[in-house]
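*Asks:* Sending over a structure as C-alpha cells; questions will come in a sec.
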Amino acid sequence: MNSAEDQIRVRAARLRVHCLRSTSEAGSGHPTSCLSAADLVAALFFHVMRYHPESPGHPDNDRFVLSKGHAAPLLYAAWAEAGAFDPEKLLTLRRFDSELEGHPTPRFPGAIAATGSLGQGLSIGVGLALAAKRDGRPFRVYVLLGDGETAEGSVWEAVALGAYYGLDNLVAIVDVNGFGQSQRTMYGFDVDSYCARLRSFGWEAVGIDGHDPAQILGAFDLARRADRPFAIVAETRKGKGVSFLEDKEGWHGKALKKGEELERALRELEPEARREVPPVSPRRPEPWSPPPPSGDRPIPPPEYRTDDSVATREAYGSALVKLGAVRPEIVVLDADTKNSTFSERFLAAYPDRFFEEFIAEQNMVGTAVGLAACGKVPFLSTFACFLTRAFDHLRMAAISRANLKCAGSHCGVSIGEDGPSQMGLEDLAMMRALPGSTVFYPCDAVSTEKLVVLAASLPGISYLRLTRPKTPILYSASEEFSAGGSKVLRSGDGRDSLAVVTAGITVFEALRAFEILRDRGLSVRVIDAYSVKPIDAATLVRSGKECGGKILTVEDHYPEGGLGEAVLEAVGREGIRVHKLAVREIPRSGKPAELLHAYGIDHQAIVAAAERLARES
C-alpha cells in the first residue's frame with residue numbers, strides 16, 4: 001500500500017478503534033467527538049507534521065493543540081500510533097494513576113497546555129506562533145477546534161490577532177460535525193459560512209470533506225504555501241465509521257458499553273484497521289539552536305529619592321525595562337492600557353518583545369500561555385477589573401502550570417472618579433483562588449520594582465496588584481522582599497494593643513492612623529502584608545499574640561476573598577480575632593480620599609476601629 005490516501009484511511013480506522021476501546025474501558029469519555037476528527041488527525045500526524053514521534057515534548061516539533069479537549073482519546077491514540085508509547089497504555093484512560101486524563105493536561109507530554117474549556121486553543125496557538133516568529137524558529141502550529149466552540153468570542157479574538165500579526169505559520173482546523181453537546185450547532189454544516197467569516201478577518205480558508213484524505217492533504221499543502229494564517233474548515237460526521245453512531249443525536253459524551261455494543265462497532269472498523277501500512281516515518285523537524293544564555297547580570301536597583309511620589313503602576317513599567325535588559329526571555333503583552341500601566345516603556349525599549357493584544361483580555365492570557373510554553377516569561381497587564389473576564393483562561397493556565405506574570409492596575413475605590421465599573425475590587429479573591437499562584441500587593445515604587453523582579457523568577461502564575469494614585473517612597477533601595485514576607489513598619493516596643501495588617505494604598509492610611517493613635521496614648525503595630533499569597537503566617541501569628549490576640553485588616557477590596565480572609569486563614573486556629581475593614585458595598589464615583597473615607601478604609605476608620613477594639617478589651 002503506497003497511496004498516502006489509503007494509509008490515512010487505515011491510520012484513521014486504527015485511531016477510531018483506539019478511541020472506542022479506551023473510552024469503553026474507562027466507562028466514560030467522548031468517543032463520537034474523536035471519530036469525527038480521526039481522518040484529519042491521521043493526515044496531520046502521519047503525513048504533515050514534522051516531529052520526533054518518540055518525543056512528544058521535543059522543542060523542535062511542530063506544535064499540535066487540541067482545542068476541542070474532550071477529544072483527548074484521539075490525541076493520545078495519535079501519539080501511541082506514532083510510537084511515543086505502547087498502545088496498551090491507552091486502556092488506562094481517565095484512571096487516577098494515568099497521565100491520560102479525561103481532557104488533556106501537561107501531565108501528558110504531548111499536551112502543550114490544558115484544554116477542554118472550549119474556545120481557548122487558538123489563543124494558545126497564536127502565542128506559540130508568535131514565539132516561533134520572534135525567535136526565527138521553523139516549527140508550525142496546528143490547532144484543532146470543534147465547530148461548537150467557535151461560538152466563543154475568544155476564538156474570534158485569536159482569529160483577529162493571528163491576522164494582525166500575519167501568522168503564516170498558524171493553521172486552524174475546524175471540525176464541523178454539526179453537533180454540540182445538546183443540539184445541532186449554530187451553523188450546522190454550512191462550511192461556506194465559516195469560511196466567509198474567517199476570510200473576513202484576513203485569513204485564508206478552504207472548505208473540504210473532512211473524511212476525504214485527498215482533500216485533507218490538498219488543504220494542508222495549501223496551508224504550507226499560504227502567506228497568512230490558514231483555516232481548514234472540514235465537514236465531518238460525529239461518530240464517523242460506526243453506522244449506529246454516525247450523525248446520531250444523544251451520543252455526546254457517552255462511551256459504548258463493553259460487550260456487544262463495543263464489539264458491534266469494532267466489527268465495522270477493524271477490517272480497515274487491520275490492513276498493513278508502512279511504518280510511521282513522519283518528517284523530522286529542522287533542528288534549531290537557542291541563543292546562548294545571557295548569563296547572570298545584576299538588575300539595577302530602584303533609583304527613587306525619599307521625597308518622590310510615584311504610582312506603583314509607573315514603577316511596574318520601569319521595572320519591566322530593567323528586567324528586559326538582562327532577561328531576553330521576558331516578553332510583555334498589553335490590552336490597550338499600556339499608557340496606564342506604563343508597559344509602554346518596555347515597548348519603547350524592546351519593541352520586538354512587546355505584543356499588543358488590543359481590548360481582548362481572554363486572548364491575551366491564552367497567547368501568554370502559548371508564549372510561556374516556548375520558554376518565554378510573559379508579563380501581561382491591564383486594569384485589574386478587566387482581568388475578571390479572562391478568569392477561565394487564567395484558571396486553565398494554572399492547570400497548564402503556565403509561567404505567567406499578571407499585573408492588574410487601577411485597583412479599588414482609590415482610583416476615584418472613574419467609578420465602580422473601573423475599580424478592581426474582586427481581583428485578590430480571584431487570583432488567590434488559582435492553585436499555585438503568588439499574589440503581591442506593593443505599596444510604593446521600591447517594593448513594586450523588587451516584587452516585579454521577584455515575580456519573574458518564581459514558577460507559575462504571579463499577580464501584582466497595582467494602584468492608580470501616586471504614593472510616597474517608603475522603602476530604601478536596599479530593602480529586600482520575599483514571597484511569603486511582610487514588613488513591620490511601626491510598633492510601640494512591646495506595648496501594642498492591636499496589629500493593623502494592610503497592603504497597598506491603605507498602608508499609608510494605617511501609618512497616618514498610627515501617628516494619631518500614638519498621640520492619643522494608644523499603641524498599635526502596623527504591618528505591610530505585601531505578599532498576600534503566600535502570606536507571612538509566622539509574623540502574623542506572633543504579632544497577633546503579642547498584640548492582645550487582635551488583628552485589624554484594612555484593604556481596598558471587597559471583604560470576600562481578600563487580604564482579611566488570607567489573614568484569618570493564617571491565624572484563625574491560634575485563637576486570634578481578626579476584624580476586617582473593607583469595601584462593603586458597591587461604590588460610586590468621587591475623589592480618592594473621599595471614597596476611602598466613605599467606605600470605611602481610611603485613617604479615620606482605622607483610628608475609630610482601633611479605639612473601639614481597645615475599649616472591648
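Ordering of the C-alpha cells sets the chain letters (A, B, ...); residue numbers start at 1 within each chain; ligands are numbered from 1 in the order shown.
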For the structure I just gave you, how does DSSP split segment 438-586 of chain A - specifically, which residues are alpha helix (DSSP H)? Reply as number ranges by chain.

*Replies:* A: 445-457, 506-519, 537-546, 563-571

*Asks:* Give me, as CSV, the closest atom pair and its distance (Å, one decimal) for every residue of segment 339-438 of chain A within a cut-off of 8 Å of segment 115-137 of chain A, counting only C-alpha atoms, rows sorted by chain and rising number.

*Replies:*
```
residue,atom,partner,partner_atom,distance
A:Asp352,CA,A:Arg134,CA,7.3
A:Arg353,CA,A:Arg134,CA,7.6
A:Asn363,CA,A:Ser123,CA,5.3
A:Met364,CA,A:Ser123,CA,7.7
A:Gly366,CA,A:Ser123,CA,4.7
A:Thr367,CA,A:Gly127,CA,4.0
A:Ala368,CA,A:Gly127,CA,6.0
A:Val369,CA,A:Ile124,CA,5.9
A:Gly370,CA,A:Gly127,CA,4.0
A:Leu371,CA,A:Gly127,CA,4.7
A:Ala373,CA,A:Leu128,CA,7.3
A:Cys374,CA,A:Ala131,CA,6.6
A:Lys376,CA,A:Ala131,CA,7.9
A:Asp392,CA,A:Ser117,CA,7.9
A:His393,CA,A:Gln120,CA,7.1
A:Met396,CA,A:Thr115,CA,7.2
```

*Asks:* Calculate how many Å separate atom CA of Glu569 of chain A from atom CA of Ser414 of chain A, rounding to one decimal.

*Replies:* 26.1 Å

*Asks:* Given the choices A:Val541, A:Leu20, A:Ile399, A:Val10, which gets closest to Arg264 of chain A if the distance is worked out from only C-alpha atoms?

*Replies:* A:Leu20

*Asks:* For segment 474-490 of chain A, list every protein, DNA or RNA residue within 9 Å, evaluated using only C-alpha atoms, and leave out those in the same chain fewer than 6 positions away; present the list as an MDAnalysis selection string.

*Replies:* chainID A and resid 301:304 306 438:440 443:447 450:451 454:455 458 511 514 524:537 539:540

*Asks:* Excluding same-chain residues fewer than 6 positions from Pro278 of chain A, what lies within 12 Å of it counting only C-alpha atoms, as a list in words?

*Replies:* Met1, Asn2, Ser3, Ala4, Asp6, Gln7, Ile8, Val10, Arg11, Phe46 and Ala82 of chain A

*Asks:* Next, the residues of the selection above should be written as a compact mmCIF listing (two decimals), in the first residue's frame with all heavy atoms.

*Replies:*
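Resulting contents of result.txt:
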```txt
# COMPACT_ATOMS: atom_id res chain seq x y z
N MET A 1 0.86 -1.19 0.00
CA MET A 1 0.00 0.00 0.00
C MET A 1 0.89 1.23 0.00
O MET A 1 1.55 1.54 0.99
CB MET A 1 -0.89 -0.01 1.25
CG MET A 1 -1.79 1.21 1.35
SD MET A 1 -2.72 1.22 2.88
CE MET A 1 -3.72 -0.24 2.69
N ASN A 2 0.93 1.93 -1.12
CA ASN A 2 1.81 3.09 -1.25
C ASN A 2 1.05 4.40 -1.25
O ASN A 2 1.64 5.47 -1.07
CB ASN A 2 2.64 2.98 -2.54
CG ASN A 2 3.57 1.78 -2.50
OD1 ASN A 2 4.18 1.54 -1.46
ND2 ASN A 2 3.65 1.06 -3.59
N SER A 3 -0.25 4.37 -1.47
CA SER A 3 -1.03 5.60 -1.55
C SER A 3 -1.14 6.25 -0.19
O SER A 3 -1.53 5.62 0.81
CB SER A 3 -2.42 5.27 -2.10
OG SER A 3 -3.32 6.30 -1.81
N ALA A 4 -0.82 7.54 -0.13
CA ALA A 4 -0.96 8.27 1.13
C ALA A 4 -2.41 8.29 1.58
O ALA A 4 -2.71 8.19 2.77
CB ALA A 4 -0.44 9.70 0.96
N ASP A 6 -4.70 5.95 1.08
CA ASP A 6 -5.03 4.66 1.68
C ASP A 6 -4.44 4.54 3.08
O ASP A 6 -5.08 4.02 4.00
CB ASP A 6 -4.51 3.52 0.80
CG ASP A 6 -5.42 3.23 -0.38
OD1 ASP A 6 -6.60 3.66 -0.34
OD2 ASP A 6 -4.97 2.58 -1.33
N GLN A 7 -3.22 5.02 3.24
CA GLN A 7 -2.59 4.96 4.56
C GLN A 7 -3.38 5.78 5.58
O GLN A 7 -3.54 5.37 6.74
CB GLN A 7 -1.15 5.45 4.47
CG GLN A 7 -0.23 4.55 3.69
CD GLN A 7 1.18 5.10 3.61
OE1 GLN A 7 1.69 5.68 4.57
NE2 GLN A 7 1.83 4.91 2.46
N ILE A 8 -3.86 6.93 5.16
CA ILE A 8 -4.65 7.76 6.09
C ILE A 8 -5.93 7.03 6.49
O ILE A 8 -6.33 7.04 7.66
CB ILE A 8 -4.98 9.12 5.43
CG1 ILE A 8 -3.71 9.97 5.33
CG2 ILE A 8 -6.06 9.86 6.22
CD1 ILE A 8 -3.86 11.23 4.52
N VAL A 10 -6.41 3.84 6.76
CA VAL A 10 -6.07 2.78 7.72
C VAL A 10 -5.72 3.37 9.07
O VAL A 10 -6.20 2.92 10.12
CB VAL A 10 -4.92 1.91 7.18
CG1 VAL A 10 -4.47 0.90 8.24
CG2 VAL A 10 -5.34 1.20 5.91
N ARG A 11 -4.88 4.39 9.06
CA ARG A 11 -4.49 5.01 10.34
C ARG A 11 -5.72 5.60 11.05
O ARG A 11 -5.85 5.48 12.27
CB ARG A 11 -3.47 6.12 10.10
CG ARG A 11 -2.15 5.66 9.53
CD ARG A 11 -1.29 4.98 10.55
NE ARG A 11 0.02 4.64 10.00
CZ ARG A 11 0.88 3.80 10.56
NH1 ARG A 11 0.55 3.21 11.69
NH2 ARG A 11 2.03 3.55 10.00
N PHE A 46 0.61 11.72 10.45
CA PHE A 46 1.37 10.72 9.71
C PHE A 46 1.79 11.16 8.31
O PHE A 46 2.48 10.42 7.62
CB PHE A 46 0.57 9.41 9.65
CG PHE A 46 0.19 8.94 11.04
CD1 PHE A 46 -1.13 8.87 11.42
CD2 PHE A 46 1.16 8.61 11.97
CE1 PHE A 46 -1.49 8.47 12.70
CE2 PHE A 46 0.83 8.22 13.26
CZ PHE A 46 -0.50 8.14 13.63
N ALA A 82 1.98 6.78 16.69
CA ALA A 82 3.25 7.32 16.20
C ALA A 82 4.45 6.67 16.85
O ALA A 82 5.57 6.84 16.37
CB ALA A 82 3.29 8.83 16.43
```

*Asks:* Counting only C-alpha atoms, what is within 6 Å of Ile551 of chain A, bar same-chain residues fewer than 5 positions away, as a list in words?

*Replies:* Leu498, Ala499, Val500, Gly544 and Val578 of chain A

*Asks:* Could you pull out all residues of segment 33-279 of chain A with a DSSP call of strand (DSSP E) and give them as an mmCIF file with all heavy atoms, in the first residue's frame?

*Replies:*
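In the end it all went to states_38.cif:
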```cif
data_model
loop_
_atom_site.group_PDB
_atom_site.id
_atom_site.type_symbol
_atom_site.label_atom_id
_atom_site.label_comp_id
_atom_site.auth_asym_id
_atom_site.auth_seq_id
_atom_site.Cartn_x
_atom_site.Cartn_y
_atom_site.Cartn_z
ATOM 1 N N ARG A 63 3.886 22.052 16.441
ATOM 2 C CA ARG A 63 3.005 22.039 17.612
ATOM 3 C C ARG A 63 1.573 21.698 17.202
ATOM 4 O O ARG A 63 1.059 22.234 16.224
ATOM 5 C CB ARG A 63 3.017 23.401 18.315
ATOM 6 C CG ARG A 63 4.390 23.934 18.721
ATOM 7 C CD ARG A 63 5.133 22.976 19.638
ATOM 8 N NE ARG A 63 6.147 23.645 20.433
ATOM 9 C CZ ARG A 63 7.410 23.799 20.091
ATOM 10 N NH1 ARG A 63 7.839 23.344 18.917
ATOM 11 N NH2 ARG A 63 8.265 24.414 20.899
ATOM 12 N N PHE A 64 0.965 20.823 17.986
ATOM 13 C CA PHE A 64 -0.442 20.478 17.796
ATOM 14 C C PHE A 64 -1.199 20.794 19.075
ATOM 15 O O PHE A 64 -0.852 20.306 20.158
ATOM 16 C CB PHE A 64 -0.601 19.000 17.443
ATOM 17 C CG PHE A 64 -2.044 18.560 17.350
ATOM 18 C CD1 PHE A 64 -2.853 19.027 16.323
ATOM 19 C CD2 PHE A 64 -2.591 17.694 18.282
ATOM 20 C CE1 PHE A 64 -4.181 18.636 16.236
ATOM 21 C CE2 PHE A 64 -3.914 17.289 18.199
ATOM 22 C CZ PHE A 64 -4.720 17.757 17.172
ATOM 23 N N VAL A 65 -2.221 21.620 18.957
ATOM 24 C CA VAL A 65 -3.051 21.985 20.107
ATOM 25 C C VAL A 65 -4.454 21.446 19.864
ATOM 26 O O VAL A 65 -5.089 21.788 18.856
ATOM 27 C CB VAL A 65 -3.107 23.515 20.301
ATOM 28 C CG1 VAL A 65 -4.005 23.860 21.492
ATOM 29 C CG2 VAL A 65 -1.702 24.087 20.506
ATOM 30 N N LEU A 66 -4.931 20.613 20.766
ATOM 31 C CA LEU A 66 -6.281 20.067 20.673
ATOM 32 C C LEU A 66 -7.215 20.987 21.443
ATOM 33 O O LEU A 66 -7.427 20.826 22.641
ATOM 34 C CB LEU A 66 -6.327 18.648 21.237
ATOM 35 C CG LEU A 66 -7.687 17.958 21.164
ATOM 36 C CD1 LEU A 66 -8.075 17.666 19.718
ATOM 37 C CD2 LEU A 66 -7.680 16.673 21.990
ATOM 38 N N VAL A 141 2.335 25.564 13.665
ATOM 39 C CA VAL A 141 1.357 25.363 14.734
ATOM 40 C C VAL A 141 0.025 24.967 14.114
ATOM 41 O O VAL A 141 -0.493 25.660 13.220
ATOM 42 C CB VAL A 141 1.188 26.648 15.572
ATOM 43 C CG1 VAL A 141 0.195 26.416 16.707
ATOM 44 C CG2 VAL A 141 2.539 27.114 16.121
ATOM 45 N N TYR A 142 -0.513 23.858 14.595
ATOM 46 C CA TYR A 142 -1.796 23.347 14.128
ATOM 47 C C TYR A 142 -2.754 23.264 15.316
ATOM 48 O O TYR A 142 -2.424 22.682 16.352
ATOM 49 C CB TYR A 142 -1.632 21.963 13.499
ATOM 50 C CG TYR A 142 -0.701 21.955 12.310
ATOM 51 C CD1 TYR A 142 0.672 21.723 12.467
ATOM 52 C CD2 TYR A 142 -1.176 22.196 11.023
ATOM 53 C CE1 TYR A 142 1.528 21.723 11.374
ATOM 54 C CE2 TYR A 142 -0.322 22.190 9.927
ATOM 55 C CZ TYR A 142 1.025 21.955 10.110
ATOM 56 O OH TYR A 142 1.882 21.964 9.025
ATOM 57 N N VAL A 143 -3.937 23.841 15.157
ATOM 58 C CA VAL A 143 -4.930 23.862 16.230
ATOM 59 C C VAL A 143 -6.216 23.235 15.711
ATOM 60 O O VAL A 143 -6.781 23.695 14.710
ATOM 61 C CB VAL A 143 -5.211 25.293 16.717
ATOM 62 C CG1 VAL A 143 -6.228 25.273 17.864
ATOM 63 C CG2 VAL A 143 -3.920 25.983 17.164
ATOM 64 N N LEU A 144 -6.682 22.183 16.390
ATOM 65 C CA LEU A 144 -7.935 21.528 16.018
ATOM 66 C C LEU A 144 -9.057 22.037 16.915
ATOM 67 O O LEU A 144 -9.019 21.865 18.136
ATOM 68 C CB LEU A 144 -7.806 20.012 16.152
ATOM 69 C CG LEU A 144 -9.064 19.197 15.843
ATOM 70 C CD1 LEU A 144 -9.511 19.400 14.398
ATOM 71 C CD2 LEU A 144 -8.835 17.718 16.126
ATOM 72 N N LEU A 145 -10.039 22.683 16.291
ATOM 73 C CA LEU A 145 -11.185 23.217 17.014
ATOM 74 C C LEU A 145 -12.441 22.447 16.640
ATOM 75 O O LEU A 145 -12.565 21.938 15.519
ATOM 76 C CB LEU A 145 -11.418 24.694 16.665
ATOM 77 C CG LEU A 145 -10.308 25.694 16.901
ATOM 78 C CD1 LEU A 145 -9.515 25.923 15.627
ATOM 79 C CD2 LEU A 145 -10.883 27.008 17.397
ATOM 80 N N GLY A 146 -13.399 22.417 17.570
ATOM 81 C CA GLY A 146 -14.725 21.947 17.243
ATOM 82 C C GLY A 146 -15.562 23.090 16.713
ATOM 83 O O GLY A 146 -15.330 24.262 17.050
ATOM 84 N N LEU A 170 0.555 29.472 11.308
ATOM 85 C CA LEU A 170 -0.571 29.043 12.134
ATOM 86 C C LEU A 170 -1.685 28.482 11.249
ATOM 87 O O LEU A 170 -2.120 29.135 10.303
ATOM 88 C CB LEU A 170 -1.095 30.229 12.951
ATOM 89 C CG LEU A 170 -2.343 29.992 13.809
ATOM 90 C CD1 LEU A 170 -2.078 28.952 14.891
ATOM 91 C CD2 LEU A 170 -2.793 31.317 14.444
ATOM 92 N N VAL A 171 -2.133 27.276 11.585
ATOM 93 C CA VAL A 171 -3.207 26.618 10.838
ATOM 94 C C VAL A 171 -4.299 26.210 11.828
ATOM 95 O O VAL A 171 -4.038 25.494 12.793
ATOM 96 C CB VAL A 171 -2.701 25.376 10.082
ATOM 97 C CG1 VAL A 171 -3.855 24.718 9.307
ATOM 98 C CG2 VAL A 171 -1.561 25.739 9.150
ATOM 99 N N ALA A 172 -5.511 26.665 11.571
ATOM 100 C CA ALA A 172 -6.671 26.240 12.343
ATOM 101 C C ALA A 172 -7.439 25.200 11.545
ATOM 102 O O ALA A 172 -7.659 25.372 10.342
ATOM 103 C CB ALA A 172 -7.573 27.432 12.663
ATOM 104 N N ILE A 173 -7.817 24.113 12.215
ATOM 105 C CA ILE A 173 -8.605 23.068 11.572
ATOM 106 C C ILE A 173 -9.924 22.997 12.322
ATOM 107 O O ILE A 173 -9.950 22.680 13.527
ATOM 108 C CB ILE A 173 -7.879 21.709 11.644
ATOM 109 C CG1 ILE A 173 -6.454 21.825 11.081
ATOM 110 C CG2 ILE A 173 -8.664 20.637 10.907
ATOM 111 C CD1 ILE A 173 -5.423 21.109 11.899
ATOM 112 N N VAL A 174 -11.024 23.315 11.650
ATOM 113 C CA VAL A 174 -12.334 23.344 12.296
ATOM 114 C C VAL A 174 -13.088 22.069 11.915
ATOM 115 O O VAL A 174 -13.358 21.825 10.731
ATOM 116 C CB VAL A 174 -13.143 24.585 11.887
ATOM 117 C CG1 VAL A 174 -14.442 24.643 12.700
ATOM 118 C CG2 VAL A 174 -12.333 25.861 12.101
ATOM 119 N N ASP A 175 -13.385 21.265 12.930
ATOM 120 C CA ASP A 175 -14.104 20.003 12.741
ATOM 121 C C ASP A 175 -15.602 20.298 12.777
ATOM 122 O O ASP A 175 -16.207 20.386 13.846
ATOM 123 C CB ASP A 175 -13.693 19.036 13.858
ATOM 124 C CG ASP A 175 -14.448 17.724 13.800
ATOM 125 O OD1 ASP A 175 -15.046 17.428 12.761
ATOM 126 O OD2 ASP A 175 -14.444 16.997 14.814
ATOM 127 N N VAL A 176 -16.188 20.464 11.607
ATOM 128 C CA VAL A 176 -17.603 20.836 11.506
ATOM 129 C C VAL A 176 -18.441 19.556 11.444
ATOM 130 O O VAL A 176 -18.817 19.080 10.367
ATOM 131 C CB VAL A 176 -17.853 21.732 10.274
ATOM 132 C CG1 VAL A 176 -19.320 22.172 10.223
ATOM 133 C CG2 VAL A 176 -16.945 22.955 10.310
ATOM 134 N N GLU A 204 -6.805 33.042 5.132
ATOM 135 C CA GLU A 204 -7.182 32.180 4.024
ATOM 136 C C GLU A 204 -7.967 31.018 4.606
ATOM 137 O O GLU A 204 -7.667 30.526 5.691
ATOM 138 C CB GLU A 204 -5.954 31.657 3.275
ATOM 139 C CG GLU A 204 -5.272 32.711 2.410
ATOM 140 C CD GLU A 204 -4.231 32.090 1.493
ATOM 141 O OE1 GLU A 204 -4.484 30.984 0.974
ATOM 142 O OE2 GLU A 204 -3.175 32.705 1.307
ATOM 143 N N ALA A 205 -8.973 30.556 3.892
ATOM 144 C CA ALA A 205 -9.792 29.456 4.389
ATOM 145 C C ALA A 205 -10.252 28.613 3.222
ATOM 146 O O ALA A 205 -10.556 29.123 2.136
ATOM 147 C CB ALA A 205 -11.000 29.988 5.160
ATOM 148 N N VAL A 206 -10.313 27.302 3.446
ATOM 149 C CA VAL A 206 -10.796 26.377 2.432
ATOM 150 C C VAL A 206 -11.738 25.392 3.099
ATOM 151 O O VAL A 206 -11.480 24.915 4.211
ATOM 152 C CB VAL A 206 -9.623 25.649 1.743
ATOM 153 C CG1 VAL A 206 -8.807 24.824 2.725
ATOM 154 C CG2 VAL A 206 -10.120 24.770 0.605
ATOM 155 N N GLY A 207 -12.851 25.126 2.457
ATOM 156 C CA GLY A 207 -13.790 24.130 2.944
ATOM 157 C C GLY A 207 -13.545 22.794 2.264
ATOM 158 O O GLY A 207 -13.309 22.738 1.050
ATOM 159 N N ILE A 208 -13.601 21.715 3.038
ATOM 160 C CA ILE A 208 -13.308 20.388 2.480
ATOM 161 C C ILE A 208 -14.246 19.352 3.090
ATOM 162 O O ILE A 208 -14.910 19.600 4.098
ATOM 163 C CB ILE A 208 -11.846 19.950 2.751
ATOM 164 C CG1 ILE A 208 -11.603 19.794 4.269
ATOM 165 C CG2 ILE A 208 -10.851 20.913 2.123
ATOM 166 C CD1 ILE A 208 -10.293 19.101 4.607
ATOM 167 N N ASP A 209 -14.244 18.186 2.487
ATOM 168 C CA ASP A 209 -14.825 16.999 3.089
ATOM 169 C C ASP A 209 -13.783 16.437 4.051
ATOM 170 O O ASP A 209 -12.725 15.966 3.631
ATOM 171 C CB ASP A 209 -15.162 15.981 1.988
ATOM 172 C CG ASP A 209 -15.714 14.667 2.533
ATOM 173 O OD1 ASP A 209 -15.611 14.416 3.758
ATOM 174 O OD2 ASP A 209 -16.232 13.873 1.735
ATOM 175 N N PHE A 230 -4.035 30.272 8.093
ATOM 176 C CA PHE A 230 -4.822 29.429 7.191
ATOM 177 C C PHE A 230 -5.799 28.587 8.006
ATOM 178 O O PHE A 230 -5.444 28.038 9.055
ATOM 179 C CB PHE A 230 -3.897 28.500 6.400
ATOM 180 C CG PHE A 230 -4.544 27.878 5.196
ATOM 181 C CD1 PHE A 230 -4.467 28.475 3.955
ATOM 182 C CD2 PHE A 230 -5.248 26.674 5.310
ATOM 183 C CE1 PHE A 230 -5.066 27.905 2.839
ATOM 184 C CE2 PHE A 230 -5.851 26.095 4.207
ATOM 185 C CZ PHE A 230 -5.759 26.704 2.961
ATOM 186 N N ALA A 231 -7.025 28.478 7.513
ATOM 187 C CA ALA A 231 -8.042 27.668 8.179
ATOM 188 C C ALA A 231 -8.543 26.588 7.235
ATOM 189 O O ALA A 231 -8.861 26.861 6.073
ATOM 190 C CB ALA A 231 -9.209 28.536 8.641
ATOM 191 N N ILE A 232 -8.594 25.369 7.745
ATOM 192 C CA ILE A 232 -9.193 24.245 7.032
ATOM 193 C C ILE A 232 -10.529 23.961 7.709
ATOM 194 O O ILE A 232 -10.575 23.570 8.885
ATOM 195 C CB ILE A 232 -8.284 23.006 7.074
ATOM 196 C CG1 ILE A 232 -6.941 23.309 6.411
ATOM 197 C CG2 ILE A 232 -8.963 21.810 6.430
ATOM 198 C CD1 ILE A 232 -5.898 22.228 6.605
ATOM 199 N N VAL A 233 -11.604 24.203 7.003
ATOM 200 C CA VAL A 233 -12.948 24.012 7.559
ATOM 201 C C VAL A 233 -13.484 22.709 6.980
ATOM 202 O O VAL A 233 -13.812 22.627 5.790
ATOM 203 C CB VAL A 233 -13.859 25.201 7.220
ATOM 204 C CG1 VAL A 233 -15.223 25.011 7.876
ATOM 205 C CG2 VAL A 233 -13.216 26.511 7.691
ATOM 206 N N ALA A 234 -13.537 21.688 7.839
ATOM 207 C CA ALA A 234 -13.789 20.327 7.374
ATOM 208 C C ALA A 234 -15.174 19.850 7.782
ATOM 209 O O ALA A 234 -15.485 19.767 8.976
ATOM 210 C CB ALA A 234 -12.726 19.389 7.942
ATOM 211 N N GLU A 235 -16.011 19.551 6.802
ATOM 212 C CA GLU A 235 -17.312 18.951 7.104
ATOM 213 C C GLU A 235 -17.108 17.482 7.454
ATOM 214 O O GLU A 235 -16.497 16.725 6.691
ATOM 215 C CB GLU A 235 -18.255 19.080 5.907
ATOM 216 C CG GLU A 235 -19.627 18.492 6.184
ATOM 217 C CD GLU A 235 -20.604 18.657 5.036
ATOM 218 O OE1 GLU A 235 -20.362 19.530 4.169
ATOM 219 O OE2 GLU A 235 -21.598 17.899 5.006
#
```

*Asks:* For atom CA of Phe354 of chain A and atom CA of Val332 of chain A, quote the distance in Å rounded to one decimal.

*Replies:*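 Calculated distance between atom CA of Phe354 of chain A and atom CA of Val332 of chain A is 4.9 Å.
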
*Asks:* For Arg512 of chain A, list every protein, DNA or RNA residue within 6 Å, evaluated using only C-alpha atoms, and leave out those in the same chain fewer than 3 positions away; present the list as a CSV table (one decimal) with N, CA and C atoms, in the first residue's frame.

*Replies:*
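Saved to around-v5.csv:
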```csv
chain,number,residue,atom,x,y,z
A,509,GLU,N,-2.6,55.0,54.9
A,509,GLU,CA,-3.7,55.3,55.8
A,509,GLU,C,-3.4,54.7,57.2
A,515,GLU,N,0.1,57.5,63.9
A,515,GLU,CA,0.5,58.7,64.5
A,515,GLU,C,-0.6,59.3,65.3
A,603,HIS,N,-7.7,56.5,57.2
A,603,HIS,CA,-7.1,56.6,58.5
A,603,HIS,C,-8.1,56.8,59.7
```

*Asks:* So, with only C-alpha atoms as the atoms that count, which of A:Ala80, A:Pro31, A:Asp190, A:Pro282 lies closest to Phe45 of chain A?

*Replies:* A:Pro282

*Asks:* When you draw a straight line from atom CA of Ala43 of chain A to atom CA of Ala214 of chain A, how long is it in Å?

*Replies:*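 Computing it gives 9.6 Å between the two atoms.
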
*Asks:* Using only C-alpha atoms, which residues sit within 9 Å of segment 108-111 of chain A once same-chain residues fewer than 6 positions away are excluded, as JSON, numbers by chain?

*Replies:* {"A": [55, 56, 57, 64, 65, 66, 75, 76, 79, 98, 99, 100, 101]}
